[in-house]
Amino acid sequence: MGTPAAGYGTGMTLSMLTWNCGERPDAWDVAARDGLDVVLLQRAPVSSPPAGWRLVSWAPSGPWGTALAVRDGVDADPVPLAPLDAAKSGQLGVSLSGSLAVALLRLPGEEPLHVASAYATWEGSLDGRWGYPDAAAHRVVSDLSALVGENEHRLVAAGDWNVTREGAEPYWQARYDGVFTRLDALGLALVGPFGPGGATIPTYKEQDGSGARQLDFVLASRSLAGHVRTGVVEDMPWSADHRAVTIELGWSPPACSASASRG
């Protein structure tokens with residue numbers, strides 16, 4: 001696994017990155033950086049990660065997909081996916097193609113951990129006059145429900161949720177808040193990335209320069225939340241409109257005392 005981070009003593013860390021790469025042809029080469037263990041991509045091109053990496057889970061949707069890759073040496077198995085109405089025992093039913101890629105990671109000295117790359121696409125109204133992202137986000141939450149139980153889950157779910165924590169018009173913000181309320185009810189804590197004082201931090205910018213907001217979030221089971229640090233990648237290029245987010249899980253023997261990063 002990765003080098004221990006400050007505040008985690010001599011324990012193990014798992015270093016991850018999540019990014020809506022906007023179908024960049026060079027996405028894997030840009031994202032699979034030294035020091036990382038896991039890369040989660042949304043709107044990933046149909047291509048393979050570079051040498052030294054293994055594609056574990058791939059969920060296609062037309063010319064792009066949602067993906068999860070691990071570097072060589074990381075013990076990970078794909079969680080079998082199937083369309084929701086056709087899923088059998090042992091398969092994770094997925095409501096929308098390309099919305100989830102999921103793997104089970106086995107970590108030395110730790111219980112296995114599910115990791116999910118999540119993407120909530122926009123959908124259109126019946127008359128085609130307006131769009132909305134929260135329905136797809138709710139579908140992702142519903143699908144993740146198969147991986148959680150009361151106090152019995154170890155899950156990190158990260159990606160482009162296409163909803164905001166604050167700043168939208170009141171009607172839409174109330175709808176978006178419902179997504180976070182459901183995630184919280186499942187026992188998944190929002191762990192970032194955060195700006196100073198826990199504020200939102202822009203991870204998305206309009207291509208015409210008209211504004212920026214946070215659409216990319218990391219959620220973790222409450223049993224893991226205190227072990228997580230998150231941040232945005234300052235030295236990595238944006239895709240057309242998104243920036244990458246780092247996720248670091250750390251453990252110090254016998255237990256991690258660090259709290260989730262708020263900056």
# chains A, B, ... in the order shown; residues from 1 in each chain; ligands from 1

call {"tool": "residues_around", "arguments": {"residues": "segment 22-26 of chain A", "least_positions_apart": "2", "cutoff": "10 Å", "atoms": "only C-alpha atoms", "output": "PyMOL selection string"}}
result
chain A and resi 19-20+28-31+41-47+49+63-65+238-242

call {"tool": "write_last_selection", "arguments": {"atoms": "C-alpha atoms", "output": "PDB file, in the first residue's frame"}}
result
ATOM      1  CA  TRP A  19     -11.845  11.865 -11.459  1.00  0.00           C
ATOM      2  CA  ASN A  20     -14.510  12.578 -14.042  1.00  0.00           C
ATOM      3  CA  TRP A  28      -5.310   6.705 -17.587  1.00  0.00           C
ATOM      4  CA  ASP A  29      -1.813   8.033 -18.212  1.00  0.00           C
ATOM      5  CA  VAL A  30      -2.663  11.262 -16.403  1.00  0.00           C
ATOM      6  CA  ALA A  31      -4.525   9.642 -13.501  1.00  0.00           C
ATOM      7  CA  LEU A  41     -12.661   7.185 -13.253  1.00  0.00           C
ATOM      8  CA  GLN A  42     -16.001   8.437 -14.485  1.00  0.00           C
ATOM      9  CA  ARG A  43     -16.685   9.045 -18.189  1.00  0.00           C
ATOM     10  CA  ALA A  44     -13.562   7.028 -18.867  1.00  0.00           C
ATOM     11  CA  PRO A  45     -12.477   6.316 -22.452  1.00  0.00           C
ATOM     12  CA  VAL A  46     -12.593   2.766 -23.751  1.00  0.00           C
ATOM     13  CA  SER A  47      -8.929   2.027 -23.120  1.00  0.00           C
ATOM     14  CA  PRO A  49      -4.624   1.563 -17.825  1.00  0.00           C
ATOM     15  CA  PRO A  63     -18.433   5.282 -25.902  1.00  0.00           C
ATOM     16  CA  TRP A  64     -17.365   5.762 -22.294  1.00  0.00           C
ATOM     17  CA  GLY A  65     -17.653   4.013 -18.944  1.00  0.00           C
ATOM     18  CA  TRP A 238      -8.586  19.490 -15.144  1.00  0.00           C
ATOM     19  CA  SER A 239     -10.512  17.408 -17.620  1.00  0.00           C
ATOM     20  CA  ALA A 240     -12.743  19.617 -19.768  1.00  0.00           C
ATOM     21  CA  ASP A 241     -14.615  20.638 -16.626  1.00  0.00           C
ATOM     22  CA  HIS A 242     -13.646  18.491 -13.588  1.00  0.00           C
TER      23      HIS A 242
END

call {"tool": "select_by_dssp", "arguments": {"residues": "segment 27-155 of chain A", "states": "alpha helix (DSSP H)", "output": "number ranges by chain"}}
result
A: 27-31, 134-144

call {"tool": "write_last_selection", "arguments": {"atoms": "C-alpha atoms", "output": "compact mmCIF listing (two decimals), in the first residue's frame"}}
result
# COMPACT_ATOMS: atom_id res chain seq x y z
CA ALA A 27 -6.98 9.85 -18.91
CA TRP A 28 -5.31 6.71 -17.59
CA ASP A 29 -1.81 8.03 -18.21
CA VAL A 30 -2.66 11.26 -16.40
CA ALA A 31 -4.53 9.64 -13.50
CA ASP A 134 -30.76 13.90 -8.66
CA ALA A 135 -32.81 10.97 -9.97
CA ALA A 136 -29.66 9.22 -11.23
CA ALA A 137 -27.90 10.02 -7.94
CA HIS A 138 -30.79 8.41 -6.06
CA ARG A 139 -30.51 5.36 -8.31
CA VAL A 140 -26.83 5.05 -7.39
CA VAL A 141 -27.71 5.31 -3.69
CA SER A 142 -30.35 2.62 -4.09
CA ASP A 143 -27.90 0.30 -5.84
CA LEU A 144 -25.24 0.83 -3.16

call {"tool": "atom_distance", "arguments": {"atom1": "atom CA of Ala118 of chain A", "atom2": "atom CA of Val218 of chain A"}}
result
9.7 Å

call {"tool": "residues_around", "arguments": {"residues": "Gly231 of chain A", "least_positions_apart": "4", "cutoff": "8 Å", "atoms": "only C-alpha atoms", "output": "number ranges by chain"}}
result
A: 192-194, 245-247, 263

call {"tool": "closest_residue", "arguments": {"among": "A:Gly62, A:Gly128, A:Ala86, A:Asp34", "to": "Pro50 of chain A", "atoms": "only C-alpha atoms"}}
result
A:Asp34

call {"tool": "atom_distance", "arguments": {"atom1": "atom CA of Ala189 of chain A", "atom2": "atom CA of Arg229 of chain A"}}
result
12.7 Å

call {"tool": "closest_atom_pairs", "arguments": {"of": "segment 177-255 of chain A", "to": "segment 149-153 of chain A", "cutoff": "10 Å", "atoms": "only C-alpha atoms", "output": "JSON lines"}}
result
{"residue": "A:Ala185", "atom": "CA", "partner": "A:Glu150", "partner_atom": "CA", "distance": 10.0}
{"residue": "A:Leu186", "atom": "CA", "partner": "A:Gly149", "partner_atom": "CA", "distance": 7.7}
{"residue": "A:Gly187", "atom": "CA", "partner": "A:Asn151", "partner_atom": "CA", "distance": 7.6}
{"residue": "A:Leu188", "atom": "CA", "partner": "A:His153", "partner_atom": "CA", "distance": 9.4}
{"residue": "A:Ala220", "atom": "CA", "partner": "A:His153", "partner_atom": "CA", "distance": 9.6}
{"residue": "A:Ser221", "atom": "CA", "partner": "A:His153", "partner_atom": "CA", "distance": 6.6}
{"residue": "A:Arg222", "atom": "CA", "partner": "A:Asn151", "partner_atom": "CA", "distance": 8.5}
{"residue": "A:Ser223", "atom": "CA", "partner": "A:Asn151", "partner_atom": "CA", "distance": 8.2}
{"residue": "A:Leu224", "atom": "CA", "partner": "A:His153", "partner_atom": "CA", "distance": 9.5}

call {"tool": "write_last_selection", "arguments": {"atoms": "C-alpha atoms", "output": "PDB file, in the first residue's frame"}}
result
ATOM      1  CA  ALA A 185     -29.318   7.190   6.516  1.00  0.00           C
ATOM      2  CA  LEU A 186     -27.340   4.302   4.997  1.00  0.00           C
ATOM      3  CA  GLY A 187     -24.456   5.066   7.340  1.00  0.00           C
ATOM      4  CA  LEU A 188     -22.275   6.696   4.681  1.00  0.00           C
ATOM      5  CA  ALA A 220     -17.340   6.412   3.544  1.00  0.00           C
ATOM      6  CA  SER A 221     -18.873   4.069   6.066  1.00  0.00           C
ATOM      7  CA  ARG A 222     -18.890   5.746   9.462  1.00  0.00           C
ATOM      8  CA  SER A 223     -16.498   3.113  10.791  1.00  0.00           C
ATOM      9  CA  LEU A 224     -13.975   4.363   8.214  1.00  0.00           C
TER      10      LEU A 224
END
